[in-house]
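Structure file model-v1.cif (mmCIF, C-alpha atoms and all ligand atoms) is printed below.
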```cif
data_upload
#
loop_
_atom_site.label_atom_id
_atom_site.label_comp_id
_atom_site.auth_asym_id
_atom_site.auth_seq_id
_atom_site.Cartn_x
_atom_site.Cartn_y
_atom_site.Cartn_z
CA MET C 1 -4.41 29.84 -12.77
CA VAL C 2 -3.12 27.50 -10.07
CA PRO C 3 -2.12 24.17 -11.67
CA PRO C 4 -3.84 21.00 -10.48
CA GLY C 5 -2.22 19.36 -7.51
CA TYR C 6 -1.07 22.56 -5.92
CA HIS C 7 -2.92 24.12 -3.03
CA SER C 8 -2.10 27.78 -3.06
CA PRO C 9 -1.25 29.38 0.29
CA MET C 10 -1.90 33.08 0.86
CA ALA C 11 0.26 35.09 -1.51
CA GLY C 12 3.78 35.49 -0.16
CA GLN C 13 3.18 33.06 2.71
CA PRO C 14 5.16 29.83 3.20
CA LEU C 15 3.45 26.51 2.54
CA ARG C 16 2.13 25.19 5.91
CA VAL C 17 3.02 21.51 6.36
CA ALA C 18 0.94 19.42 8.79
CA VAL C 19 2.66 16.17 9.79
CA LEU C 20 0.41 13.37 11.05
CA GLY C 21 2.55 10.97 13.13
CA ALA C 22 5.93 11.48 14.79
CA GLY C 23 7.33 7.96 14.98
CA THR C 24 10.39 6.51 13.25
CA VAL C 25 9.76 8.40 9.99
CA GLY C 26 7.68 11.36 11.19
CA ARG C 27 10.31 12.44 13.73
CA GLU C 28 12.95 12.69 10.98
CA VAL C 29 10.62 14.72 8.76
CA VAL C 30 9.71 17.07 11.63
CA ARG C 31 13.39 17.56 12.49
CA ALA C 32 14.24 18.35 8.87
CA LEU C 33 11.39 20.86 8.59
CA SER C 34 12.23 22.45 11.96
CA THR C 35 15.90 22.90 11.12
CA GLY C 36 15.31 24.45 7.69
CA TRP C 37 16.30 21.42 5.61
CA GLY C 38 17.21 23.75 2.76
CA GLN C 39 13.85 24.03 1.07
CA PRO C 40 12.59 27.59 1.51
CA ASP C 41 8.93 28.48 1.86
CA LEU C 42 7.92 25.37 3.82
CA GLU C 43 6.79 25.81 7.41
CA LEU C 44 5.93 23.13 9.94
CA SER C 45 2.43 24.09 11.11
CA GLY C 46 1.70 21.15 13.42
CA VAL C 47 2.45 17.56 14.37
CA ALA C 48 -0.38 15.19 15.27
CA VAL C 49 0.27 12.24 17.61
CA ARG C 50 -1.76 10.23 20.12
CA ASP C 51 0.58 10.59 23.10
CA LEU C 52 1.65 14.24 23.45
CA ALA C 53 4.02 13.63 26.39
CA LYS C 54 5.84 10.84 24.55
CA ALA C 55 6.33 13.04 21.48
CA GLU C 56 7.60 15.90 23.61
CA ALA C 57 10.05 13.58 25.36
CA ALA C 58 11.28 12.50 21.92
CA GLY C 59 12.18 16.12 21.17
CA MET C 60 9.17 17.12 19.09
CA PRO C 61 8.36 20.86 19.32
CA SER C 62 5.73 21.15 22.09
CA SER C 63 4.17 24.30 20.62
CA ARG C 64 3.34 22.40 17.45
CA LEU C 65 1.97 19.18 18.96
CA THR C 66 -1.70 18.23 18.84
CA ASP C 67 -3.77 15.10 19.31
CA ALA C 68 -6.46 16.35 16.91
CA PRO C 69 -5.28 15.55 13.36
CA ALA C 70 -8.60 16.42 11.69
CA HIS C 71 -8.52 19.94 13.16
CA LEU C 72 -4.89 20.37 12.12
CA ILE C 73 -5.83 19.49 8.54
CA ALA C 74 -8.88 21.73 8.52
CA ASP C 75 -7.30 24.80 10.10
CA GLU C 76 -3.54 24.86 9.64
CA ALA C 77 -2.48 22.96 6.54
CA ASP C 78 -1.58 23.72 2.94
CA VAL C 79 0.04 20.25 2.62
CA VAL C 80 -0.59 17.10 4.70
CA VAL C 81 2.14 14.54 5.41
CA GLU C 82 0.57 11.29 6.70
CA LEU C 83 3.04 9.12 8.65
CA MET C 84 0.76 7.45 11.19
CA GLY C 85 0.55 4.13 9.38
CA GLY C 86 -2.29 1.59 9.69
CA GLU C 87 -5.66 1.70 7.99
CA GLU C 88 -7.74 4.07 10.15
CA PRO C 89 -7.83 6.94 10.81
CA ALA C 90 -5.12 7.35 8.13
CA ARG C 91 -7.37 6.47 5.17
CA THR C 92 -10.16 8.83 6.27
CA LEU C 93 -7.76 11.69 6.96
CA ILE C 94 -5.99 11.30 3.59
CA ALA C 95 -9.33 11.14 1.77
CA ALA C 96 -10.64 14.20 3.62
CA ALA C 97 -7.51 16.24 2.87
CA LEU C 98 -7.54 15.30 -0.82
CA GLY C 99 -11.28 15.98 -1.01
CA ALA C 100 -10.67 19.46 0.38
CA GLY C 101 -8.07 20.07 -2.33
CA LEU C 102 -5.02 19.69 -0.08
CA PRO C 103 -1.99 17.83 -1.45
CA VAL C 104 -0.99 14.77 0.58
CA VAL C 105 2.35 12.98 0.97
CA THR C 106 2.16 9.54 2.55
CA ALA C 107 4.33 6.49 3.20
CA ASN C 108 1.30 4.35 3.99
CA LYS C 109 1.57 1.24 1.79
CA TYR C 110 -1.18 -0.52 3.76
CA VAL C 111 -3.75 2.15 2.85
CA LEU C 112 -2.51 2.63 -0.72
CA ALA C 113 -2.61 -1.10 -1.51
CA ARG C 114 -6.25 -1.36 -0.37
CA HIS C 115 -7.68 2.08 -1.12
CA GLY C 116 -5.32 3.43 -3.81
CA ALA C 117 -7.99 3.40 -6.53
CA GLU C 118 -10.46 5.34 -4.39
CA LEU C 119 -7.81 7.87 -3.28
CA GLU C 120 -6.66 8.33 -6.88
CA ARG C 121 -10.26 9.04 -7.91
CA ILE C 122 -10.70 11.61 -5.12
CA ALA C 123 -7.38 13.28 -5.97
CA ARG C 124 -8.18 13.45 -9.68
CA GLU C 125 -11.61 14.94 -8.94
CA SER C 126 -10.33 17.64 -6.58
CA GLY C 127 -7.08 18.29 -8.46
CA ALA C 128 -5.04 17.73 -5.27
CA ALA C 129 -1.73 15.90 -5.57
CA LEU C 130 -1.15 12.55 -3.84
CA ARG C 131 2.49 11.49 -3.61
CA TYR C 132 3.80 8.31 -1.98
CA GLU C 133 7.44 7.68 -2.95
CA ALA C 134 8.26 6.55 0.62
CA SER C 135 5.76 3.67 0.49
CA VAL C 136 8.09 1.35 -1.46
CA MET C 137 11.87 0.90 -0.95
CA GLY C 138 12.00 3.61 1.75
CA GLY C 139 14.06 6.46 0.36
CA THR C 140 15.25 4.72 -2.79
CA PRO C 141 13.39 6.45 -5.64
CA ILE C 142 11.72 3.50 -7.38
CA LEU C 143 8.24 5.01 -7.89
CA ARG C 144 9.44 8.14 -9.58
CA LEU C 145 11.66 5.98 -11.78
CA LEU C 146 8.67 3.90 -12.88
CA ALA C 147 6.15 6.72 -13.16
CA GLU C 148 8.30 9.41 -14.72
CA ASP C 149 11.65 8.28 -16.02
CA LEU C 150 10.42 5.06 -17.61
CA VAL C 151 7.24 6.40 -19.24
CA GLY C 152 8.91 6.06 -22.64
CA ALA C 153 9.87 2.44 -22.04
CA ARG C 154 6.90 0.20 -21.36
CA ALA C 155 7.55 -2.07 -18.39
CA HIS C 156 6.25 -5.58 -18.94
CA ALA C 157 7.56 -7.24 -15.79
CA PHE C 158 9.29 -6.51 -12.51
CA GLU C 159 10.64 -8.57 -9.66
CA GLY C 160 12.19 -7.50 -6.44
CA ILE C 161 13.29 -7.87 -2.87
CA VAL C 162 11.04 -5.22 -1.33
CA ASN C 163 11.09 -6.18 2.35
CA GLY C 164 14.32 -5.63 4.29
CA THR C 165 13.22 -7.52 7.41
CA THR C 166 12.71 -10.82 5.60
CA ASN C 167 15.86 -10.37 3.53
CA TYR C 168 17.85 -9.84 6.72
CA ILE C 169 16.37 -13.01 8.25
CA LEU C 170 17.04 -15.13 5.13
CA SER C 171 20.62 -13.82 4.77
CA GLU C 172 21.30 -14.44 8.48
CA MET C 173 19.93 -17.99 8.26
CA ALA C 174 22.01 -18.75 5.16
CA ALA C 175 25.21 -17.20 6.53
CA SER C 176 25.16 -18.76 10.00
CA GLY C 177 22.83 -21.73 9.76
CA ALA C 178 20.61 -20.04 12.36
CA SER C 179 17.02 -21.21 12.73
CA TYR C 180 14.18 -19.01 11.52
CA GLU C 181 13.25 -18.21 15.13
CA ALA C 182 16.83 -17.21 16.08
CA ALA C 183 17.26 -15.06 12.96
CA LEU C 184 13.92 -13.33 13.63
CA ALA C 185 14.99 -12.62 17.22
CA ALA C 186 18.29 -11.19 15.90
CA ALA C 187 16.35 -8.97 13.49
CA GLN C 188 14.17 -7.73 16.36
CA ASN C 189 17.25 -7.03 18.54
CA ALA C 190 18.86 -5.09 15.70
CA GLY C 191 15.70 -2.99 15.27
CA TYR C 192 15.00 -4.46 11.81
CA ALA C 193 11.81 -6.28 12.80
CA GLU C 194 8.87 -5.03 14.81
CA ALA C 195 7.63 -6.67 17.99
CA ASP C 196 4.76 -8.01 15.86
CA PRO C 197 6.56 -8.98 12.63
CA THR C 198 3.51 -10.66 11.01
CA SER C 199 3.05 -8.39 8.01
CA ASP C 200 6.76 -8.57 7.16
CA VAL C 201 7.40 -12.31 7.62
CA GLU C 202 4.10 -13.43 6.10
CA GLY C 203 4.73 -11.36 2.96
CA GLY C 204 1.80 -8.98 3.47
CA ASP C 205 4.03 -5.91 3.42
CA ALA C 206 5.70 -7.10 0.19
CA ALA C 207 2.28 -7.78 -1.37
CA ASP C 208 1.17 -4.22 -0.49
CA LYS C 209 4.27 -2.87 -2.24
CA LEU C 210 3.67 -5.11 -5.25
CA VAL C 211 0.20 -3.54 -5.70
CA ILE C 212 1.70 -0.03 -5.60
CA LEU C 213 4.46 -0.96 -8.07
CA ALA C 214 1.95 -2.60 -10.43
CA ARG C 215 -0.17 0.57 -10.51
CA LEU C 216 2.77 2.56 -11.82
CA ALA C 217 4.33 -0.16 -13.99
CA PHE C 218 1.16 -1.53 -15.61
CA GLY C 219 -1.48 1.18 -15.07
CA ALA C 220 -3.86 -0.92 -12.95
CA TRP C 221 -4.70 -1.08 -9.27
CA LEU C 222 -4.59 -4.78 -8.41
CA ASP C 223 -7.18 -6.25 -6.10
CA ARG C 224 -4.98 -6.64 -2.99
CA GLY C 225 -6.89 -9.74 -1.86
CA SER C 226 -5.93 -11.56 -5.06
CA VAL C 227 -2.16 -11.27 -4.52
CA VAL C 228 -0.83 -14.65 -3.38
CA ASN C 229 1.85 -14.46 -0.68
CA ARG C 230 2.76 -18.11 -0.18
CA SER C 231 4.94 -20.65 -1.96
CA ASP C 232 4.05 -24.26 -2.39
CA HIS C 233 4.60 -25.25 1.25
CA GLY C 234 1.41 -23.69 2.47
CA LYS C 235 2.98 -21.26 4.91
CA PRO C 236 2.93 -17.57 4.00
CA GLY C 237 5.97 -15.41 3.25
CA ILE C 238 9.14 -16.83 4.78
CA THR C 239 7.47 -18.47 7.78
CA GLY C 240 7.94 -21.97 6.32
CA VAL C 241 11.62 -21.54 5.39
CA VAL C 242 14.01 -23.71 7.42
CA ALA C 243 17.82 -23.60 7.61
CA GLU C 244 18.13 -27.09 6.08
CA ASP C 245 16.35 -25.92 2.93
CA LEU C 246 18.75 -22.97 2.61
CA ALA C 247 21.78 -25.27 3.00
CA ALA C 248 20.42 -27.73 0.41
CA ALA C 249 19.67 -24.85 -1.98
CA ALA C 250 23.25 -23.58 -1.57
CA ASP C 251 24.54 -27.07 -2.49
CA GLU C 252 22.65 -26.71 -5.77
CA GLY C 253 23.97 -23.20 -6.48
CA LEU C 254 20.75 -21.52 -5.32
CA ALA C 255 19.77 -18.98 -2.66
CA ILE C 256 16.28 -18.33 -1.25
CA ARG C 257 14.86 -14.81 -1.40
CA LEU C 258 11.35 -13.44 -0.82
CA LEU C 259 10.55 -12.09 -4.28
CA ALA C 260 7.61 -9.93 -5.34
CA ARG C 261 7.11 -10.67 -9.04
CA ALA C 262 4.61 -9.33 -11.55
CA ARG C 263 4.18 -9.65 -15.29
CA ARG C 264 1.77 -7.62 -17.39
CA GLY C 265 -0.95 -9.82 -18.84
CA GLU C 266 -3.17 -9.14 -21.80
CA GLU C 267 -4.95 -5.79 -21.93
CA ARG C 268 -7.72 -5.87 -19.28
CA GLY C 269 -6.79 -9.45 -18.34
CA PRO C 270 -5.36 -10.58 -15.00
CA ILE C 271 -1.80 -9.70 -14.04
CA GLY C 272 0.52 -12.58 -13.19
CA ALA C 273 1.80 -11.63 -9.75
CA ALA C 274 2.82 -13.23 -6.46
CA VAL C 275 5.05 -12.84 -3.42
CA ARG C 276 6.91 -16.08 -2.77
CA ALA C 277 10.02 -17.47 -1.15
CA THR C 278 11.89 -18.16 -4.38
CA ALA C 279 15.07 -20.04 -5.30
CA VAL C 280 17.42 -17.76 -7.28
CA ASP C 281 20.86 -18.36 -8.79
CA ALA C 282 23.46 -17.95 -6.02
CA ARG C 283 25.51 -15.73 -8.39
CA SER C 284 22.57 -13.43 -9.20
CA GLY C 285 22.06 -9.87 -8.07
CA PHE C 286 19.18 -10.98 -5.87
CA ALA C 287 21.35 -13.51 -4.04
CA GLY C 288 24.00 -10.79 -3.66
CA THR C 289 21.45 -8.47 -2.03
CA VAL C 290 21.88 -9.24 1.66
CA GLY C 291 20.70 -7.77 4.96
CA VAL C 292 18.02 -5.10 4.92
CA ARG C 293 18.78 -3.84 1.41
CA ASN C 294 16.14 -3.89 -1.33
CA ARG C 295 16.55 -4.51 -5.07
CA ILE C 296 14.09 -4.32 -7.95
CA GLU C 297 14.65 -5.33 -11.57
CA ILE C 298 12.27 -3.89 -14.18
CA VAL C 299 12.02 -5.46 -17.62
CA THR C 300 11.10 -2.92 -20.31
CA ASP C 301 10.60 -3.07 -24.06
CA ARG C 302 12.92 -0.26 -25.19
CA LEU C 303 15.53 -0.21 -22.42
CA GLY C 304 15.95 -3.85 -21.51
CA THR C 305 16.33 -4.50 -17.78
CA ILE C 306 16.78 -1.65 -15.31
CA THR C 307 17.93 -2.41 -11.77
CA ILE C 308 17.66 -0.26 -8.67
CA GLU C 309 19.07 -1.20 -5.27
CA GLY C 310 19.21 0.70 -1.99
CA PRO C 311 17.99 0.98 1.57
CA GLY C 312 14.35 -0.06 1.89
CA ALA C 313 13.53 1.27 5.33
CA GLY C 314 14.74 3.32 8.29
CA GLY C 315 13.63 6.70 9.56
CA ALA C 316 16.22 8.87 7.84
CA ALA C 317 16.12 7.00 4.50
CA THR C 318 12.32 7.03 4.37
CA ALA C 319 12.17 10.69 5.38
CA ALA C 320 14.36 11.46 2.35
CA ALA C 321 11.56 10.24 0.06
CA VAL C 322 8.92 12.20 1.99
CA LEU C 323 10.99 15.39 1.69
CA ALA C 324 11.53 14.76 -2.04
CA ASP C 325 7.75 14.48 -2.45
CA LEU C 326 7.28 17.76 -0.54
CA ALA C 327 9.75 19.41 -2.89
CA ALA C 328 7.82 17.96 -5.84
CA ILE C 329 4.59 19.44 -4.49
CA GLN C 330 6.29 22.77 -4.02
CA GLY C 331 7.53 22.48 -7.58
CA ARG C 332 3.93 21.79 -8.71
CA ARG C 333 4.76 18.41 -10.21
CA GLY C 334 1.40 16.85 -9.30
CA SER C 335 0.77 13.29 -8.10
CA THR C 336 3.15 10.34 -8.24
CA TRP C 337 1.14 9.12 -11.28
CA ALA C 338 1.04 12.57 -12.93
CA HIS C 339 2.67 11.38 -16.15
CA LEU C 340 0.38 8.37 -16.49
CA PRO C 341 -3.24 7.93 -17.61
CA PRO C 342 -5.93 7.15 -15.01
CA ALA C 343 -5.66 3.62 -13.65
CA SER C 344 -7.83 0.65 -14.51
CA SER C 345 -8.34 -2.24 -12.10
CA ALA C 346 -7.16 -5.84 -12.35
CA THR C 347 -6.88 -9.06 -10.42
CA SER C 348 -3.71 -11.04 -9.86
CA VAL C 349 -3.13 -14.68 -10.76
CA ALA C 350 -0.06 -16.43 -9.37
CA PRO C 351 2.02 -17.66 -12.31
CA GLU C 352 3.11 -21.31 -12.51
CA PRO C 353 6.94 -21.41 -12.38
CA ALA C 354 8.98 -23.34 -14.96
CA SER C 355 10.50 -25.49 -12.19
CA TRP C 356 10.57 -25.98 -8.43
CA PHE C 357 13.34 -26.60 -5.89
CA GLU C 358 12.25 -29.03 -3.18
CA GLY C 359 14.03 -28.69 0.16
CA PRO C 360 14.63 -31.48 2.72
CA SER C 361 11.65 -30.11 4.68
CA GLY C 362 9.41 -30.99 1.74
CA ALA C 363 8.76 -27.32 0.97
CA ARG C 364 8.85 -26.38 -2.73
CA TYR C 365 10.23 -23.07 -3.94
CA PRO C 366 9.75 -21.69 -7.47
CA VAL C 367 13.09 -21.44 -9.27
CA GLU C 368 13.96 -18.21 -11.08
CA ARG C 369 17.36 -18.17 -12.76
N1 LIG C 401 9.75 2.80 9.63
C1 LIG C 401 10.17 2.61 8.38
O1 LIG C 401 11.35 2.31 8.14
C2 LIG C 401 9.21 2.83 7.23
C3 LIG C 401 9.66 2.65 5.91
C4 LIG C 401 8.78 2.87 4.84
C5 LIG C 401 7.49 3.24 5.10
N2 LIG C 401 7.06 3.37 6.39
C6 LIG C 401 5.66 3.77 6.62
O2 LIG C 401 5.67 5.03 7.26
C7 LIG C 401 4.53 5.14 8.12
C8 LIG C 401 5.00 5.50 9.52
O3 LIG C 401 5.84 4.46 9.99
P1 LIG C 401 6.68 4.62 11.36
O4 LIG C 401 7.61 3.46 11.38
O5 LIG C 401 7.22 6.01 11.48
O6 LIG C 401 5.50 4.40 12.43
P2 LIG C 401 5.59 4.55 14.03
O7 LIG C 401 6.99 4.64 14.48
O8 LIG C 401 4.69 3.50 14.60
O9 LIG C 401 4.91 6.00 14.30
C9 LIG C 401 3.55 6.23 14.13
C10 LIG C 401 3.23 7.63 14.63
O10 LIG C 401 1.87 7.94 14.29
C11 LIG C 401 1.19 8.34 15.47
N3 LIG C 401 -0.20 7.88 15.39
C12 LIG C 401 -0.63 6.61 15.17
N4 LIG C 401 -1.97 6.58 15.17
C13 LIG C 401 -2.39 7.84 15.42
C14 LIG C 401 -3.66 8.44 15.58
N5 LIG C 401 -4.78 7.73 15.50
N6 LIG C 401 -3.72 9.78 15.83
C15 LIG C 401 -2.60 10.51 15.94
N7 LIG C 401 -1.35 9.99 15.81
C16 LIG C 401 -1.26 8.67 15.55
C17 LIG C 401 1.93 7.70 16.62
O11 LIG C 401 1.68 8.45 17.77
P3 LIG C 401 1.82 7.79 19.25
O12 LIG C 401 3.26 7.36 19.37
O13 LIG C 401 1.45 8.90 20.14
O14 LIG C 401 0.88 6.61 19.27
C18 LIG C 401 3.38 7.81 16.12
O15 LIG C 401 3.86 9.10 16.39
C19 LIG C 401 3.80 3.80 8.01
O16 LIG C 401 2.78 3.89 7.05
C20 LIG C 401 4.89 2.85 7.54
O17 LIG C 401 4.37 1.74 6.81
C21 LIG C 401 7.89 3.18 7.45
#
```

Would you put the structure from the file into structure tokens?
Amino acid sequence: MVPPGYHSPMAGQPLRVAVLGAGTVGREVVRALSTGWGQPDLELSGVAVRDLAKAEAAGMPSSRLTDAPAHLIADEADVVVELMGGEEPARTLIAAALGAGLPVVTANKYVLARHGAELERIARESGAALRYEASVMGGTPILRLLAEDLVGARAHAFEGIVNGTTNYILSEMAASGASYEAALAAAQNAGYAEADPTSDVEGGDAADKLVILARLAFGAWLDRGSVVNRSDHGKPGITGVVAEDLAAAADEGLAIRLLARARRGEERGPIGAAVRATAVDARSGFAGTVGVRNRIEIVTDRLGTITIEGPGAGGAATAAAVLADLAAIQGRRGSTWAHLPPASSATSVAPEPASWFEGPSGARYPVER
């Protein structure tokens, strides 16, 4: 019998991989699959994009390109790799593939944070695997750590720098005294921030990742709309942080970081979670995490605190997680949550911090030492 989560190709045939999207991440995955990345029995069957000429100019194999992702899934796929991003058509295509029993690998934190519960239900019903390691911390294997390696040590809290763009901006501002606007422009010039940086700088991207982490750490899909992404100054994410506040924080032995924090509440009760510009000890690991790097600390009952740090974005790094998920599907290891019971649902309530740091701008930052 074929185990759940594994779509069987014709006997003796390689597994046909359909890649949806050939941008920063998709291109790297396509290149790896086309150059025989070392994993036998995987074959690139097609690459779906909107602009065929652009993809061809970027070196994507013209014989494999299509602008019809639904047909590619229906006719030429044993596994679907979704790297288009955005809500639609990604959500519909993932749901359709899972519903048809096809395993899916995705990096799409936006879709997972809003539709994860529904996609999990579809995947459990059809027996198809859904894996999404690349959706948090790029290639750094945080989800597998939470969902597999830490199943014997109950996590009761986690906190982390999960967005490289904002961490780069905050470290640049602190190091050089640059304004928020100048540091954002530097991040855009360096390719670390998108032309429209809203979801990064307002903390939406970090809140999406918090929801995905909470599913695996606490067993519940959080209502994404309930996750607060602003500190006490009213502005979301890091958009209210000014250089003077960073300098004053440094004078008090503090650094400002955008932290995603969550603590397990009572069984079936709300989860204490928020994404906020937070004042941390200047000697802490979070303060020492600079530039686009990410860091997450997980507090467990049997193991104490576990820390993982690494690159949180970038085409090659993120592709590494996608390829690892493909290998896991080939190895019939099921979904990212395979070792965990089905999820419940929960809302998030922003916890009241023990103390606040007030900057010269009047903004207040929760203090976490
Ligand atoms: N970039 C990173 O470092 C990173 C890190 C972690 C996770 N992720 C996630 O990975 C996913 C992909 O990100 P990315 O940075 O690679 O995106 P990207 O550079 O914007 O590429 C998106 C690709 O998807 C294609 N596409 C978009 N909508 C489509 C549609 N309706 N039909 C067919 N093709 C479509 C685009 O084709 P056209 O160019 O023809 O429009 C493009 O090839 C996102 O979910 C993102 O959140 C990215």

Inset, instruction - Go ahead and compute the interatomic distance for CA of Gly291 in chain C and CA of Ile238 in chain C, in Å to one decimal. - result: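 One can read the CA of Gly291 in chain C to CA of Ile238 in chain C distance as 14.7 Å.
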
Legend entry - Expected answer as JSON, numbers by chain: residues within 9 Å of ligand LIG 401 (chain C), only C-alpha atoms and all ligand atoms: {"C": [20, 21, 22, 23, 24, 25, 26, 27, 28, 47, 48, 49, 50, 51, 52, 53, 54, 55, 66, 67, 68, 69, 82, 83, 84, 85, 86, 87, 88, 89, 90, 106, 107, 108, 109, 110, 111, 134, 135, 136, 137, 138, 139, 192, 205, 312, 313, 314, 315, 316, 317, 318, 319]}

Legend entry - Test item: residues at most 7 Å from Arg131 in chain C, only C-alpha atoms, excluding those fewer than 5 positions along its chain, as a ChimeraX atom specification: /C:104-106,325,335-336

Legend entry - Nearest to Ala282 in chain C by atom-to-atom distance, counting all atoms listed in the file, from C:Leu44, C:Leu102, C:Ala96, C:Ala249: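 Closest to Ala282 in chain C, using all atoms listed in the file: C:Ala249.
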
Using all atoms of range 242-257 of chain C listed in the file and a margin of 3 Å per side, can you give the axis-aligned box centre and edge lengths in Å to one decimal, as AutoDock Vina command-line options?
```
--center_x 19.3 --center_y -21.3 --center_z 0.6 --size_x 16.5 --size_y 18.9 --size_z 20.1
```

Pick out the residues sitting within 8 Å of Ala187 in chain C, and hand them over as a PDB file with C-alpha atoms, in the frame of the given file; count all atoms listed in the file, and ignore anything fewer than 5 positions along from it in its own chain.
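See selection25.pdb below for the written result:
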```
ATOM      1  CA  THR C 165      13.220  -7.520   7.410  1.00  0.00           C
ATOM      2  CA  TYR C 168      17.850  -9.840   6.720  1.00  0.00           C
ATOM      3  CA  ILE C 169      16.370 -13.010   8.250  1.00  0.00           C
ATOM      4  CA  TYR C 192      15.000  -4.460  11.810  1.00  0.00           C
ATOM      5  CA  ALA C 193      11.810  -6.280  12.800  1.00  0.00           C
TER       6      ALA C 193
END
```

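Shortest atom-to-atom contact with Arg230 in chain C among C:Val162, C:Ile296, C:Leu254, C:Ala363: C:Ala363, counting only C-alpha atoms.
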
Inset, instruction - Using all atoms listed in the file, find the one residue out of C:Gln188, C:Thr289, C:Gln330, C:Asn163 that sits nearest to Leu258 in chain C. - result: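 Using all atoms listed in the file, Leu258 in chain C sits closest to C:Asn163.
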
Inset, instruction - Pick out the closest residue to Gly101 in chain C from this set: C:Arg224, C:Arg369, C:Arg124, C:Arg114. Count all atoms listed in the file. - result: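 Looking only at the distances to Gly101 in chain C, the closest residue turns out to be C:Arg124.
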